[in-house]
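Quick notes on the structure that follows.
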Amino acid sequence: MSLWDKYGTIQGRLDNVKKLINRDPLGVEFDDIMGRTRGRIGNREIILAGTNNYLGLTFDEDCMIAAKDAIDAHGTGTTGSRVANGTYTEHVELERALADHFKMPSCIVFSTGYQTNLAAISGLTNKDDIIFMDADAHACIIDGTRLSEASTIRFRHNSPEDLDKRMSRIKEKKGEFFVIIEGLYSMFGDIAPIDEFLDVTHKHGGYLYIDEAHSYGVFGETGCGLAEAQGVMDRVDFIAGTFSKSLASIGGFCVSKHPEFEIARKVMRPYLFTASPTPSNVSAALAAVGKINSDYGNELRQNIWDRATQLHKGLADLGYDLCAEPSPVIAARRPNEVICAMEWNWLLENGLYVNLAVPPGTPQSSSLLRISLSAAHTEDDVNQIIGKFAELKDVQPQLMENLMKLAG
Amino acid sequence: MPDHDEIFAKVCELLKPYNPENRPITMQSGIVSDLEVDSVAVFDLVMGLEDHYDVSIPMEMVSDIKTVGELCSAIKQLAEE
Ligand SMILES: Cc1ncc(COP(=O)(O)O)c(C=O)c1O
């Protein structure tokens with residue numbers, strides 16, 4: 001008996017895949033990241049199409065200067081939480097900029113998007129409240145509900161009717177109802193009908209919390225996300241987001257139309273007991289907020305949506321089974337984990353990096369080749385991506401033959 | 001009130017799509033450990049049971065349930081409340 005016995009199943013799964021493709025698909029090491037859409041492994045250049053770098057701002061000149069200036073001014077680390085070590089001017093400026101962008105009175109920034117959900121969900125609910133969570137919610141939302149003392153009930157993905165039914169089932173209510181959805185869902189790339197969720201949630205007297213991690217920056221007239229795009233932003237109680245995608249940094253935020261949200265700073269453990277984000281991370285994100293809410297942001301959005309339409313059509317024409325309508329996340333459903341891993345590896349070895357997404361990280365136990373596009377991708381890049389997926393179809397018989405051989 | 005056997009039959013029926021190798025299901029079967037249903041699929045199964053019996057089975061309760069028998073008992077208890 002040892003500490004490691006419990007990992008037998010996951011180790012077996014990993015060993016099986018490694019036998020087939022000679023690498024750990026969840027541990028790809030790049031020798032260089034040359035820019036927003038190109039990396040290098042050995043001497044092979046790779047098109048990056050799985051980065052969530054939606055607006056391509058990671059190498060934006062102004063964002064990089066902002067980060068470097070912040071290091072010069074205030075150093076490399078905050079060395080502690082804002083409660084213990086104090087707030088930097090950068091934190092205040094970014095919270096104000098995000099609150100202004102959303103036209104909401106309150107904003108709190110966190111050290112990652114993951115911690116944002118842990119903190120806000122566990123801090124805003126207690127044992128008398130009931131959380132209703134979309135069935136396809138991201139792992140960090142699930143973990144937030146686990147950290148909360150509230151009971152959590154899961155409703156069918158993207159179904160306001162199902163939410164209504166499950167809320168109606170609760171006959172005695174001691175506390176409040178807290179409903180959690182996402183904007184753009186990260187795996188299938190499908191979007192929530194926010195207005196209908198607002199109607200149902202508010203009909204039952206509840207609060208609606210939306211994680212717009214994947215939609216902030218790419219949806220909406222000013223890039224605020226899906227709630228803005230659907231014209232209902234002013235009705236949403238809480239909107240959370242991350243710096244790690246469109247904002248091209250590391251950190252997270254939650255805005256609220258309720259000014260009372262400020263008191264949560266005193267109770268959210270993943271805010272109180274962890275170091276605040278660094279001046280450089282926060283300053284890069286602040287510069288990115290300015291870009292998102294500008295004419296340049298509109299240009300970037302135009303490009304990413306053009307690329308999404310182009311790629312979706314290209315892959316659909318090739319006969320791939322796509323999980324949703326065009327969006328910056330485009331996922332192709334594959335028959336099973338093993339075939340998916342082999343295809344994913346073939347793409348990587350042929351110069352294209354996409355995400356291999358497998359259960360339980362995916363809805364409906366599906367195995368996916370997941371692409372996240374960037375505004376930095378050119379029309380030619382997307383043609384190359386489509387070209388690789390076309391070749392992948394052609395080499396299918398060979399891949400299957402290899403698989404049979406290895407399976408004995 | 002549904003009795004234990006009836007609930008067991010329903011659980012077996014709803015487990016079918018998650019048990020493609022058709023492993024034998026008993027009250028003692030571990031849902032994840034023996035039947036190898038993935039952790040998200042367990043919650044999908046639970047939604048079906050919630051609808052059939054018109055009960056709410058919160059996720060924190062599901063996390064404590066390991067065997068088919070424990071799941072049946074939990075449903076019976078909730079249905080009687
Ligand atoms: C929906 C969603 N929320 C939150 C996060 C976590 O964000 P971060 O990477 O900033 O921790 C992610 C992905 O990483 C996500 O997909």
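Identifiers for the structure tokens are assigned positionally: chains receive A, B, ... in sequence, residues are indexed from 1 per chain, and ligands are indexed from 1 in the order shown.
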- Task: Pull out every residue of chain A sitting within 9 Å of chain B, counting only C-alpha atoms, and send them as JSON, numbers by chain.
- Result: {"A": [135, 145, 146, 151, 152, 153, 154, 155, 156, 166, 169, 170, 359, 360, 361, 362, 363, 364, 365]}
- Within 10 Å of Lys76 in chain B, counting only C-alpha atoms, which residues qualify if same-chain residues fewer than 2 places away don't, as a ChimeraX atom specification? /B:1-4,6-7,53,55,70-74,78-81
- Task: One decimal, Å: what's the distance from CA of Phe389 in chain A over to CA of Leu368 in chain A, could you say?
- Result: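 So the two atoms, CA of Phe389 in chain A and CA of Leu368 in chain A, lie 13.3 Å apart.
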- Query: Which residues form the shell of 9 Å around ligand 1 when you count only C-alpha atoms and all ligand atoms, given as an NGL selection string?
  - Reply: :A and (52 or 111-117 or 137-141 or 182-187 or 211-214 or 240-245 or 249-252)
- Message: Given only C-alpha atoms as the basis, pick out the residue of B:Glu21, B:Asp5, B:Leu35, B:Ile75 nearest to Leu49 in chain B.
- Response: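 The answer is B:Ile75, which sits nearest to Leu49 in chain B.
If you look at CA of Lys66 in chain B and CA of Glu13 in chain B, they are 18.0 Å away from each other.
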- Query: Which residue, A:Glu337, A:Glu228, A:Asp295, A:Asp128, has the smallest gap to Leu14 in chain A when you use only C-alpha atoms?
  - Reply: A:Glu337
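From CA of Gln398 in chain A back to CA of Val17 in chain A, the distance works out to 17.4 Å.
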- Write out as number ranges by chain the residues lying within 12 Å of Ala70 in chain A, counting only C-alpha atoms and excluding same-chain residues fewer than 6 positions away. A: 63-64, 76-78, 88-91, 278-287
